[in-house]
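protein.tsv follows; it contains TSV, C-alpha atoms and all ligand atoms.
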```
chain	number	residue	atom	x	y	z
A	15	MET	CA	-24.57	-1.42	-23.39
A	16	LYS	CA	-24.42	-4.85	-24.90
A	17	PRO	CA	-21.45	-7.01	-23.83
A	18	LYS	CA	-20.05	-7.00	-27.37
A	19	ILE	CA	-20.07	-3.21	-27.47
A	20	ILE	CA	-18.46	-3.00	-24.03
A	21	ALA	CA	-15.77	-5.45	-25.16
A	22	GLY	CA	-15.21	-3.35	-28.28
A	23	VAL	CA	-14.84	-0.16	-26.27
A	24	VAL	CA	-12.40	-1.82	-23.84
A	25	ILE	CA	-10.26	-3.15	-26.71
A	26	ALA	CA	-10.27	0.27	-28.39
A	27	LEU	CA	-9.17	1.96	-25.14
A	28	VAL	CA	-6.37	-0.56	-24.60
A	29	VAL	CA	-5.11	-0.10	-28.18
A	30	VAL	CA	-5.23	3.70	-27.95
A	31	SER	CA	-3.50	3.86	-24.55
A	32	ALA	CA	-0.80	1.46	-25.79
A	33	ALA	CA	-0.17	3.74	-28.76
A	34	TYR	CA	0.33	6.72	-26.44
A	35	ALA	CA	2.39	4.96	-23.81
A	36	GLN	CA	5.03	3.05	-25.74
A	37	PHE	CA	7.59	3.46	-23.01
A	38	ALA	CA	7.09	2.44	-19.40
A	39	LYS	CA	9.77	4.90	-18.20
A	40	PRO	CA	11.76	7.79	-19.75
A	41	GLU	CA	14.93	5.66	-19.50
A	42	LYS	CA	13.33	3.10	-21.82
A	43	ALA	CA	12.66	5.78	-24.44
A	44	ILE	CA	16.29	6.95	-24.19
A	45	LYS	CA	17.57	3.38	-24.54
A	46	TYR	CA	15.26	2.76	-27.49
A	47	ARG	CA	16.32	5.79	-29.50
A	48	LYS	CA	20.00	5.23	-28.71
A	49	SER	CA	19.67	1.63	-29.89
A	50	VAL	CA	18.08	2.74	-33.17
A	51	MET	CA	20.68	5.46	-33.67
A	52	PHE	CA	23.43	2.90	-33.02
A	53	LEU	CA	22.02	0.64	-35.74
A	54	ILE	CA	21.62	3.56	-38.15
A	55	ALA	CA	25.25	4.60	-37.55
A	56	GLN	CA	26.47	1.02	-38.09
A	57	HIS	CA	24.70	0.53	-41.38
A	58	PHE	CA	25.28	4.07	-42.57
A	59	GLY	CA	28.95	3.64	-41.73
A	60	ARG	CA	29.19	0.47	-43.85
A	61	MET	CA	27.88	2.44	-46.82
A	62	GLY	CA	30.24	5.26	-45.94
A	63	ALA	CA	33.22	2.94	-46.20
A	64	MET	CA	32.17	2.03	-49.77
A	65	VAL	CA	31.52	5.68	-50.64
A	66	LYS	CA	35.02	6.58	-49.43
A	67	GLY	CA	36.50	3.53	-51.14
A	68	SER	CA	37.99	2.03	-48.01
A	69	THR	CA	35.95	-1.10	-48.72
A	70	PRO	CA	35.04	-2.20	-52.27
A	71	TYR	CA	31.59	-1.31	-53.60
A	72	GLU	CA	29.24	-4.27	-53.62
A	73	LYS	CA	25.83	-3.51	-54.97
A	74	ALA	CA	23.92	-6.04	-52.82
A	75	ALA	CA	25.62	-5.08	-49.56
A	76	PHE	CA	25.22	-1.37	-50.24
A	77	ALA	CA	21.53	-1.83	-51.09
A	78	LYS	CA	20.94	-3.93	-47.99
A	79	ASN	CA	22.50	-1.30	-45.74
A	80	ALA	CA	20.50	1.44	-47.46
A	81	ALA	CA	17.25	-0.52	-47.02
A	82	LEU	CA	18.02	-1.05	-43.32
A	83	VAL	CA	18.74	2.63	-42.74
A	84	ASP	CA	15.51	3.48	-44.56
A	85	THR	CA	13.57	1.08	-42.33
A	86	PHE	CA	15.19	2.40	-39.15
A	87	SER	CA	14.67	6.03	-40.18
A	88	GLY	CA	11.03	6.05	-39.07
A	89	LEU	CA	11.58	4.45	-35.69
A	90	PRO	CA	13.27	6.78	-33.22
A	91	TRP	CA	11.20	9.96	-33.30
A	92	GLU	CA	8.48	9.07	-30.84
A	93	ALA	CA	11.15	8.17	-28.31
A	94	PHE	CA	12.63	11.66	-28.74
A	95	MET	CA	9.26	13.28	-28.03
A	96	THR	CA	8.81	11.41	-24.75
A	97	PRO	CA	8.61	13.92	-21.88
A	98	GLY	CA	11.52	14.02	-19.44
A	99	THR	CA	14.00	12.42	-21.83
A	100	ASP	CA	16.23	15.48	-22.21
A	101	LYS	CA	17.72	14.44	-18.85
A	102	GLY	CA	19.61	11.30	-17.90
A	103	ASP	CA	21.94	9.16	-20.01
A	104	THR	CA	21.42	11.13	-23.20
A	105	THR	CA	22.92	13.77	-25.47
A	106	MET	CA	19.51	14.94	-26.65
A	107	SER	CA	19.08	18.69	-26.31
A	108	ALA	CA	15.94	20.16	-24.73
A	109	SER	CA	15.65	22.09	-28.02
A	110	VAL	CA	13.80	19.00	-29.33
A	111	PHE	CA	10.89	20.02	-27.12
A	112	GLN	CA	11.32	23.76	-27.64
A	113	LYS	CA	11.48	23.53	-31.44
A	114	GLN	CA	9.24	20.54	-32.08
A	115	ALA	CA	8.09	21.64	-35.53
A	116	LYS	CA	11.68	22.07	-36.70
A	117	PHE	CA	12.68	18.72	-35.18
A	118	LYS	CA	9.79	16.91	-36.83
A	119	ALA	CA	10.57	18.55	-40.18
A	120	ALA	CA	14.19	17.39	-39.86
A	121	ALA	CA	12.99	13.86	-39.10
A	122	ARG	CA	10.70	13.84	-42.18
A	123	SER	CA	13.53	15.14	-44.35
A	124	PHE	CA	15.83	12.35	-43.10
A	125	GLU	CA	13.13	9.77	-43.82
A	126	ALA	CA	12.56	11.12	-47.33
A	127	ASP	CA	16.28	11.19	-48.11
A	128	THR	CA	16.93	7.69	-46.77
A	129	ALA	CA	14.00	6.38	-48.87
A	130	LYS	CA	15.58	7.92	-51.99
A	131	LEU	CA	18.94	6.45	-51.05
A	132	ALA	CA	17.40	2.98	-50.72
A	133	GLU	CA	15.84	3.33	-54.18
A	134	MET	CA	19.07	4.49	-55.80
A	135	ALA	CA	21.08	1.79	-54.04
A	136	LYS	CA	18.68	-0.84	-55.37
A	137	SER	CA	18.98	0.49	-58.91
A	138	GLY	CA	22.73	0.00	-58.71
A	139	ASN	CA	23.63	3.49	-59.94
A	140	PHE	CA	26.53	3.99	-57.54
A	141	ASP	CA	27.27	7.59	-58.58
A	142	ALA	CA	23.67	8.62	-57.91
A	143	ALA	CA	23.67	6.68	-54.65
A	144	LYS	CA	26.89	8.37	-53.57
A	145	ALA	CA	25.40	11.82	-54.15
A	146	GLN	CA	22.29	10.82	-52.22
A	147	PHE	CA	24.44	9.36	-49.43
A	148	GLY	CA	25.92	12.85	-49.08
A	149	LYS	CA	22.44	14.34	-48.72
A	150	VAL	CA	21.55	11.88	-45.98
A	151	ALA	CA	24.83	12.67	-44.19
A	152	LYS	CA	23.89	16.36	-44.29
A	153	ASN	CA	20.57	15.49	-42.63
A	154	CYS	CA	22.45	13.66	-39.87
A	155	LYS	CA	24.82	16.55	-39.35
A	156	SER	CA	22.32	19.40	-39.30
A	157	CYS	CA	20.00	17.58	-36.88
A	158	HIS	CA	22.93	16.81	-34.58
A	159	THR	CA	24.01	20.45	-34.71
A	160	ASP	CA	20.56	21.71	-33.74
A	161	PHE	CA	19.35	18.99	-31.41
A	162	ARG	CA	22.29	17.22	-29.81
A	163	VAL	CA	24.15	18.55	-26.81
A	164	LYS	CA	27.76	19.12	-27.74
B	201	LIG	C1	27.60	8.58	-39.26
B	201	LIG	C2	27.33	8.88	-37.91
B	201	LIG	C3	26.83	10.12	-37.84
B	201	LIG	C4	26.67	10.66	-39.21
B	201	LIG	C5	27.25	12.02	-39.43
B	201	LIG	C6	27.02	12.44	-40.86
B	201	LIG	O1	28.05	7.55	-39.69
B	201	LIG	O2	27.55	8.11	-36.86
B	201	LIG	O3	26.45	10.75	-36.77
B	201	LIG	O4	27.26	9.68	-40.05
B	201	LIG	O5	28.60	12.05	-39.14
B	201	LIG	O6	27.37	13.77	-41.07
```
File written out as structure tokens:
Amino acid sequence: MKPKIIAGVVIALVVVSAAYAQFAKPEKAIKYRKSVMFLIAQHFGRMGAMVKGSTPYEKAAFAKNAALVDTFSGLPWEAFMTPGTDKGDTTMSASVFQKQAKFKAAARSFEADTAKLAEMAKSGNFDAAKAQFGKVAKNCKSCHTDFRVK
């Protein structure tokens, strides 16, 4: 093979192996997903306070929190699929591995609903955003019921 082709193959292998081995150790995957879930809960909670009326509704702040939750919504799933991470410092249930299709469907549903929430929040229609906030909260709850150890 020509050196350029060899270099190309080596680069391709490095890129592919990096994509499949995001986490050096299971503990890193657990820490990663817990960090993302912490951020989601923070920013979802700030919207929740406005939905409940315990803090005043501010369009820009609500939209910013919704956009952040939408961005974070795609991040944690690979870390959940990492083998061995149903044990250790985690509340993830092994049912994530046993019911992968259901888990992935729940993740996609959460992503779709957070994307809609971000759109509605941006439009400034607070009533619509509130209703959509409720749908996202249902996603949170049902996934926790099925996939989190009580
Ligand atoms: C939150 C949070 C959750 C969800 C869930 C929604 O703010 O930390 O786990 O909302 O309670 O039903």
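Nearest to A:Ala132 of all the residues A:Asp84, A:Ala151, A:Gln112, A:Ile19 is A:Asp84, counting all atoms listed in the file.
The smallest atom-to-atom distance between A:Trp91 and any of A:Val50, A:Ala75, A:Ala38, A:Ala108, using all atoms listed in the file, is found for A:Val50.
Near ligand LIG 201 (chain B), the residues found within 10 Å are Met51, Phe52, Leu53, Ile54, Ala55, Gln56, His57, Phe58, Gly59, Arg60, Met61, Gly62, Ala63, Phe147, Gly148, Lys149, Val150, Ala151, Lys152, Asn153, Cys154, Lys155, Ser156, Cys157, His158 and Thr159 of chain A (criterion computed using all atoms listed in the file).
Taking atom CA of A:Asp100 and atom CA of A:Val163 as endpoints, the distance between them is 9.7 Å.
Atom CA of A:Ala129 is found 15.7 Å from atom CA of A:Pro90.
With atom CA of A:Met95 on one side and atom CA of A:Arg122 on the other, the separation reads 14.2 Å.
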Discussion item. I'd like to know which of A:Phe111, A:Lys144, A:Ala80, A:Lys66 is closest to A:Thr99, using all atoms listed in the file.
Written reply: A:Phe111
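With distances restricted to all atoms listed in the file, A:Lys136 is the closest residue to A:Lys73 from A:Arg47, A:Lys136, A:Lys16, A:Lys116.
For the choices A:Ala126, A:Asn139, A:Lys39, A:Gln146, the atom-to-atom distance to A:Thr85 is smallest for A:Ala126 when using all atoms listed in the file.
Distances here use only C-alpha atoms; by that measure, the residue among A:Ala115, A:Val83, A:Val65, A:Ile20 closest to A:Thr128 is A:Val83.
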